[in-house]
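Down below is the structure, laid out as structure tokens.
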Amino acid sequence: MGLLALLLTFVVCVSFLYPRVIGDRLGFMFMLPVLAYTVIFYVDWQFASLTQLFTMIVGGACVGIGLLFAGLPLSSPQPKAFMVNSLRGLTSLKENRPYLLFQVGITCYEELIWRVFLISTLLLVLPAWAAIFLSSALFWTVHGENRPLGWHSLEFFIFSMVLAVAYNLFESVLFVWVIHLTRNVLILSASDYEQRQASRS
């Protein structure tokens with residue numbers, strides 16, 4: 001229990017101090033023991049059937065798309081244009097392969113820490129609703145783009161809550177990872193398309 005308390009302290013500290021006080025390297029060093037513990041003790045390594053894998057991947061992608069588009073009225077000044085740009089930009093994303101690979105890694109890293117480790121650990125001492133709320137709040141805190149506060153901050157907190165509820169219900173890191181990755185890829189796609197259009201004009 002002492003080790004879990006220490007690892008939980010690392011996650012809370014990184015949530016509040018990153019990126020204003022500690023940088024990527026120190027934050028990652030704090031998270032390495034958390035990742036190791038999570039992969040060894042919290043990840044269920046039983047092999048799923050192809051049907052289950054297909055359902056989790058397709059379901060996660062659909063939920064990710066739905067969450068992003070449903071949240072656009074809060075997070076974007078031009079929701080329809082953002083939606084169109086995110087779909088148009090998908091074709092040129094292969095040219096941004098290094099950043100896509102980074103998104104694959106960072107979303108997996110975040111899901112292992114702020115969903116798998118944090119919720120599983122908090123459930124040892126808290127009711128489910130409190131574990132979901134606290135993990136969502138800490139995940140929201142670590143993302144500096146939520147400040148200054150605005151409607152985009154509320155949209156991101158709702159997204160964090162949905163991820164936490166989804167993990168609590170299905171206990172599938174693959175499912176929440178695909179939701180998270182899909183959302184990030186669509187945001188990257190829209191941003192990339194808008195930059196290309198701006199450079200041409």
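Here, A, B, ... name the chains of the structure tokens in the order displayed, residue numbers run from 1 inside each chain, and ligands are numbered from 1 in the same displayed order.
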
Show which residues sit within 8 Å of Leu138 of chain A, as a PyMOL selection string. Count only C-alpha atoms, and ignore same-chain residues fewer than 2 positions away. chain A and resi 12+15-16+114+134-136+140-142

May I have a table of the residues of segment 89-156 of chain A lying at most 10 Å from segment 36-39 of chain A, giving each one's closest pair of atoms and their distance in Å to one decimal, counting only C-alpha atoms, ordered by chain and ascending residue number, as CSV?
```
residue,atom,partner,partner_atom,distance
A:Leu112,CA,A:Thr38,CA,6.8
A:Ile113,CA,A:Thr38,CA,7.5
A:Val116,CA,A:Thr38,CA,7.1
A:Phe117,CA,A:Thr38,CA,5.6
A:Leu118,CA,A:Thr38,CA,9.3
A:Ser120,CA,A:Thr38,CA,9.2
A:Thr121,CA,A:Thr38,CA,9.8
```

* Write out as number ranges by chain which residues come within 12 Å of segment 182-193 of chain A when counting only C-alpha atoms, dropping same-chain ones fewer than 6 positions away. => A: 57-72, 75-76, 78-97, 99-108, 156, 159-160, 163, 174-176, 199-200

Exercise. Would you work out the distance separating atom CA of Ala137 of chain A from atom CA of Leu149 of chain A, expressed in Å to one decimal?
Key: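 We find that atom CA of Ala137 of chain A and atom CA of Leu149 of chain A lie 13.7 Å from each other.
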
Quick one: residues within 12 Å of Thr9 of chain A, only C-alpha atoms, excluding same-chain residues fewer than 2 positions away - as a PDB file with all heavy atoms, in the first residue's frame?
```pdb
ATOM      1  N   GLY A   2       2.037   1.179   0.647  1.00  0.00           N
ATOM      2  CA  GLY A   2       2.935   2.326   0.667  1.00  0.00           C
ATOM      3  C   GLY A   2       3.428   2.677  -0.726  1.00  0.00           C
ATOM      4  O   GLY A   2       3.545   3.854  -1.075  1.00  0.00           O
ATOM      5  N   LEU A   3       3.726   1.639  -1.552  1.00  0.00           N
ATOM      6  CA  LEU A   3       4.181   1.873  -2.922  1.00  0.00           C
ATOM      7  C   LEU A   3       3.077   2.535  -3.748  1.00  0.00           C
ATOM      8  O   LEU A   3       3.331   3.485  -4.485  1.00  0.00           O
ATOM      9  CB  LEU A   3       4.596   0.550  -3.568  1.00  0.00           C
ATOM     10  CG  LEU A   3       4.993   0.629  -5.046  1.00  0.00           C
ATOM     11  CD1 LEU A   3       6.169   1.575  -5.253  1.00  0.00           C
ATOM     12  CD2 LEU A   3       5.292  -0.756  -5.596  1.00  0.00           C
ATOM     13  N   LEU A   4       1.853   2.048  -3.586  1.00  0.00           N
ATOM     14  CA  LEU A   4       0.726   2.640  -4.317  1.00  0.00           C
ATOM     15  C   LEU A   4       0.530   4.102  -3.940  1.00  0.00           C
ATOM     16  O   LEU A   4       0.260   4.945  -4.798  1.00  0.00           O
ATOM     17  CB  LEU A   4      -0.556   1.861  -4.034  1.00  0.00           C
ATOM     18  CG  LEU A   4      -0.883   0.710  -4.981  1.00  0.00           C
ATOM     19  CD1 LEU A   4      -2.188   0.056  -4.593  1.00  0.00           C
ATOM     20  CD2 LEU A   4      -0.931   1.179  -6.419  1.00  0.00           C
ATOM     21  N   ALA A   5       0.672   4.395  -2.642  1.00  0.00           N
ATOM     22  CA  ALA A   5       0.527   5.781  -2.180  1.00  0.00           C
ATOM     23  C   ALA A   5       1.598   6.669  -2.808  1.00  0.00           C
ATOM     24  O   ALA A   5       1.326   7.801  -3.227  1.00  0.00           O
ATOM     25  CB  ALA A   5       0.601   5.841  -0.656  1.00  0.00           C
ATOM     26  N   LEU A   6       2.828   6.151  -2.909  1.00  0.00           N
ATOM     27  CA  LEU A   6       3.923   6.907  -3.523  1.00  0.00           C
ATOM     28  C   LEU A   6       3.652   7.146  -5.006  1.00  0.00           C
ATOM     29  O   LEU A   6       3.801   8.270  -5.509  1.00  0.00           O
ATOM     30  CB  LEU A   6       5.242   6.155  -3.344  1.00  0.00           C
ATOM     31  CG  LEU A   6       6.480   6.808  -3.967  1.00  0.00           C
ATOM     32  CD1 LEU A   6       6.775   8.153  -3.306  1.00  0.00           C
ATOM     33  CD2 LEU A   6       7.680   5.886  -3.871  1.00  0.00           C
ATOM     34  N   LEU A   7       3.224   6.106  -5.707  1.00  0.00           N
ATOM     35  CA  LEU A   7       2.937   6.242  -7.140  1.00  0.00           C
ATOM     36  C   LEU A   7       1.768   7.194  -7.376  1.00  0.00           C
ATOM     37  O   LEU A   7       1.784   7.994  -8.325  1.00  0.00           O
ATOM     38  CB  LEU A   7       2.641   4.871  -7.748  1.00  0.00           C
ATOM     39  CG  LEU A   7       3.786   3.856  -7.710  1.00  0.00           C
ATOM     40  CD1 LEU A   7       3.340   2.533  -8.312  1.00  0.00           C
ATOM     41  CD2 LEU A   7       5.020   4.382  -8.429  1.00  0.00           C
ATOM     42  N   VAL A  11       1.585  10.811  -9.561  1.00  0.00           N
ATOM     43  CA  VAL A  11       0.582  11.188 -10.568  1.00  0.00           C
ATOM     44  C   VAL A  11      -0.062  12.521 -10.209  1.00  0.00           C
ATOM     45  O   VAL A  11      -0.239  13.394 -11.068  1.00  0.00           O
ATOM     46  CB  VAL A  11      -0.491  10.087 -10.712  1.00  0.00           C
ATOM     47  CG1 VAL A  11      -1.600  10.537 -11.653  1.00  0.00           C
ATOM     48  CG2 VAL A  11       0.136   8.798 -11.221  1.00  0.00           C
ATOM     49  N   VAL A  12      -0.406  12.696  -8.943  1.00  0.00           N
ATOM     50  CA  VAL A  12      -1.032  13.954  -8.507  1.00  0.00           C
ATOM     51  C   VAL A  12      -0.065  15.124  -8.695  1.00  0.00           C
ATOM     52  O   VAL A  12      -0.449  16.186  -9.199  1.00  0.00           O
ATOM     53  CB  VAL A  12      -1.505  13.848  -7.040  1.00  0.00           C
ATOM     54  CG1 VAL A  12      -1.974  15.201  -6.520  1.00  0.00           C
ATOM     55  CG2 VAL A  12      -2.620  12.813  -6.912  1.00  0.00           C
ATOM     56  N   CYS A  13       1.204  14.924  -8.311  1.00  0.00           N
ATOM     57  CA  CYS A  13       2.201  16.000  -8.453  1.00  0.00           C
ATOM     58  C   CYS A  13       2.394  16.380  -9.912  1.00  0.00           C
ATOM     59  O   CYS A  13       2.429  17.565 -10.249  1.00  0.00           O
ATOM     60  CB  CYS A  13       3.532  15.562  -7.848  1.00  0.00           C
ATOM     61  SG  CYS A  13       3.529  15.539  -6.051  1.00  0.00           S
ATOM     62  N   VAL A  14       2.533  15.375 -10.793  1.00  0.00           N
ATOM     63  CA  VAL A  14       2.704  15.668 -12.213  1.00  0.00           C
ATOM     64  C   VAL A  14       1.467  16.384 -12.754  1.00  0.00           C
ATOM     65  O   VAL A  14       1.571  17.331 -13.533  1.00  0.00           O
ATOM     66  CB  VAL A  14       3.001  14.378 -13.009  1.00  0.00           C
ATOM     67  CG1 VAL A  14       2.913  14.625 -14.507  1.00  0.00           C
ATOM     68  CG2 VAL A  14       4.385  13.851 -12.657  1.00  0.00           C
ATOM     69  N   SER A  15       0.281  15.958 -12.315  1.00  0.00           N
ATOM     70  CA  SER A  15      -0.960  16.585 -12.780  1.00  0.00           C
ATOM     71  C   SER A  15      -0.985  18.074 -12.459  1.00  0.00           C
ATOM     72  O   SER A  15      -1.427  18.883 -13.280  1.00  0.00           O
ATOM     73  CB  SER A  15      -2.174  15.897 -12.144  1.00  0.00           C
ATOM     74  OG  SER A  15      -2.265  14.556 -12.533  1.00  0.00           O
ATOM     75  N   PHE A  16      -0.511  18.434 -11.270  1.00  0.00           N
ATOM     76  CA  PHE A  16      -0.579  19.841 -10.863  1.00  0.00           C
ATOM     77  C   PHE A  16       0.633  20.666 -11.304  1.00  0.00           C
ATOM     78  O   PHE A  16       0.509  21.867 -11.510  1.00  0.00           O
ATOM     79  CB  PHE A  16      -0.748  19.947  -9.343  1.00  0.00           C
ATOM     80  CG  PHE A  16      -2.150  19.691  -8.886  1.00  0.00           C
ATOM     81  CD1 PHE A  16      -2.466  18.544  -8.185  1.00  0.00           C
ATOM     82  CD2 PHE A  16      -3.173  20.586  -9.168  1.00  0.00           C
ATOM     83  CE1 PHE A  16      -3.772  18.288  -7.772  1.00  0.00           C
ATOM     84  CE2 PHE A  16      -4.480  20.347  -8.772  1.00  0.00           C
ATOM     85  CZ  PHE A  16      -4.780  19.198  -8.066  1.00  0.00           C
ATOM     86  N   LEU A  17       1.791  20.020 -11.443  1.00  0.00           N
ATOM     87  CA  LEU A  17       3.016  20.777 -11.719  1.00  0.00           C
ATOM     88  C   LEU A  17       3.400  20.836 -13.190  1.00  0.00           C
ATOM     89  O   LEU A  17       4.164  21.711 -13.599  1.00  0.00           O
ATOM     90  CB  LEU A  17       4.182  20.192 -10.910  1.00  0.00           C
ATOM     91  CG  LEU A  17       4.020  20.218  -9.391  1.00  0.00           C
ATOM     92  CD1 LEU A  17       5.209  19.551  -8.704  1.00  0.00           C
ATOM     93  CD2 LEU A  17       3.848  21.645  -8.892  1.00  0.00           C
ATOM     94  N   PHE A  30       9.033  10.679 -13.467  1.00  0.00           N
ATOM     95  CA  PHE A  30       8.094  10.388 -12.388  1.00  0.00           C
ATOM     96  C   PHE A  30       7.096   9.303 -12.795  1.00  0.00           C
ATOM     97  O   PHE A  30       6.677   8.494 -11.976  1.00  0.00           O
ATOM     98  CB  PHE A  30       7.315  11.648 -11.992  1.00  0.00           C
ATOM     99  CG  PHE A  30       8.030  12.529 -11.010  1.00  0.00           C
ATOM    100  CD1 PHE A  30       8.139  13.891 -11.242  1.00  0.00           C
ATOM    101  CD2 PHE A  30       8.572  12.011  -9.847  1.00  0.00           C
ATOM    102  CE1 PHE A  30       8.788  14.716 -10.333  1.00  0.00           C
ATOM    103  CE2 PHE A  30       9.221  12.832  -8.935  1.00  0.00           C
ATOM    104  CZ  PHE A  30       9.339  14.183  -9.182  1.00  0.00           C
ATOM    105  N   MET A  31       6.720   9.307 -14.071  1.00  0.00           N
ATOM    106  CA  MET A  31       5.680   8.390 -14.536  1.00  0.00           C
ATOM    107  C   MET A  31       6.194   7.005 -14.882  1.00  0.00           C
ATOM    108  O   MET A  31       5.409   6.065 -14.979  1.00  0.00           O
ATOM    109  CB  MET A  31       4.958   8.979 -15.752  1.00  0.00           C
ATOM    110  CG  MET A  31       4.130  10.213 -15.439  1.00  0.00           C
ATOM    111  SD  MET A  31       2.768   9.893 -14.283  1.00  0.00           S
ATOM    112  CE  MET A  31       3.500  10.441 -12.748  1.00  0.00           C
ATOM    113  N   PRO A  33       7.866   4.671 -13.093  1.00  0.00           N
ATOM    114  CA  PRO A  33       7.469   3.630 -12.134  1.00  0.00           C
ATOM    115  C   PRO A  33       5.965   3.360 -12.160  1.00  0.00           C
ATOM    116  O   PRO A  33       5.527   2.227 -11.970  1.00  0.00           O
ATOM    117  CB  PRO A  33       7.893   4.191 -10.767  1.00  0.00           C
ATOM    118  CG  PRO A  33       8.772   5.343 -11.039  1.00  0.00           C
ATOM    119  CD  PRO A  33       8.495   5.812 -12.425  1.00  0.00           C
ATOM    120  N   VAL A  34       5.171   4.414 -12.416  1.00  0.00           N
ATOM    121  CA  VAL A  34       3.716   4.264 -12.501  1.00  0.00           C
ATOM    122  C   VAL A  34       3.363   3.388 -13.695  1.00  0.00           C
ATOM    123  O   VAL A  34       2.535   2.476 -13.606  1.00  0.00           O
ATOM    124  CB  VAL A  34       3.017   5.639 -12.612  1.00  0.00           C
ATOM    125  CG1 VAL A  34       1.509   5.473 -12.738  1.00  0.00           C
ATOM    126  CG2 VAL A  34       3.368   6.524 -11.425  1.00  0.00           C
ATOM    127  N   LEU A 118      -4.844   5.279 -12.348  1.00  0.00           N
ATOM    128  CA  LEU A 118      -5.499   6.179 -11.403  1.00  0.00           C
ATOM    129  C   LEU A 118      -6.857   5.651 -10.959  1.00  0.00           C
ATOM    130  O   LEU A 118      -7.150   5.598  -9.757  1.00  0.00           O
ATOM    131  CB  LEU A 118      -5.631   7.568 -12.027  1.00  0.00           C
ATOM    132  CG  LEU A 118      -5.835   8.748 -11.090  1.00  0.00           C
ATOM    133  CD1 LEU A 118      -4.844   8.737  -9.937  1.00  0.00           C
ATOM    134  CD2 LEU A 118      -5.732  10.049 -11.856  1.00  0.00           C
ATOM    135  N   THR A 121      -6.482   2.403  -8.861  1.00  0.00           N
ATOM    136  CA  THR A 121      -5.949   2.684  -7.524  1.00  0.00           C
ATOM    137  C   THR A 121      -6.975   3.395  -6.650  1.00  0.00           C
ATOM    138  O   THR A 121      -7.181   3.028  -5.496  1.00  0.00           O
ATOM    139  CB  THR A 121      -4.659   3.538  -7.631  1.00  0.00           C
ATOM    140  OG1 THR A 121      -3.709   2.839  -8.427  1.00  0.00           O
ATOM    141  CG2 THR A 121      -4.069   3.806  -6.255  1.00  0.00           C
ATOM    142  N   LEU A 122      -7.630   4.399  -7.215  1.00  0.00           N
ATOM    143  CA  LEU A 122      -8.615   5.154  -6.431  1.00  0.00           C
ATOM    144  C   LEU A 122      -9.805   4.289  -6.015  1.00  0.00           C
ATOM    145  O   LEU A 122     -10.390   4.500  -4.946  1.00  0.00           O
ATOM    146  CB  LEU A 122      -9.098   6.368  -7.225  1.00  0.00           C
ATOM    147  CG  LEU A 122      -8.054   7.477  -7.447  1.00  0.00           C
ATOM    148  CD1 LEU A 122      -8.596   8.533  -8.397  1.00  0.00           C
ATOM    149  CD2 LEU A 122      -7.634   8.106  -6.125  1.00  0.00           C
ATOM    150  N   LEU A 138      -7.872  15.425 -12.502  1.00  0.00           N
ATOM    151  CA  LEU A 138      -6.410  15.428 -12.606  1.00  0.00           C
ATOM    152  C   LEU A 138      -5.972  15.401 -14.078  1.00  0.00           C
ATOM    153  O   LEU A 138      -5.007  16.074 -14.452  1.00  0.00           O
ATOM    154  CB  LEU A 138      -5.815  14.247 -11.843  1.00  0.00           C
ATOM    155  CG  LEU A 138      -5.928  14.361 -10.317  1.00  0.00           C
ATOM    156  CD1 LEU A 138      -5.456  13.077  -9.640  1.00  0.00           C
ATOM    157  CD2 LEU A 138      -5.122  15.551  -9.790  1.00  0.00           C
TER     158      LEU A 138
END
```

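Considering only C-alpha atoms, the residue among A:Met29, A:Leu8, A:Ile119, A:Val125 positioned nearest to Leu169 of chain A is A:Ile119.
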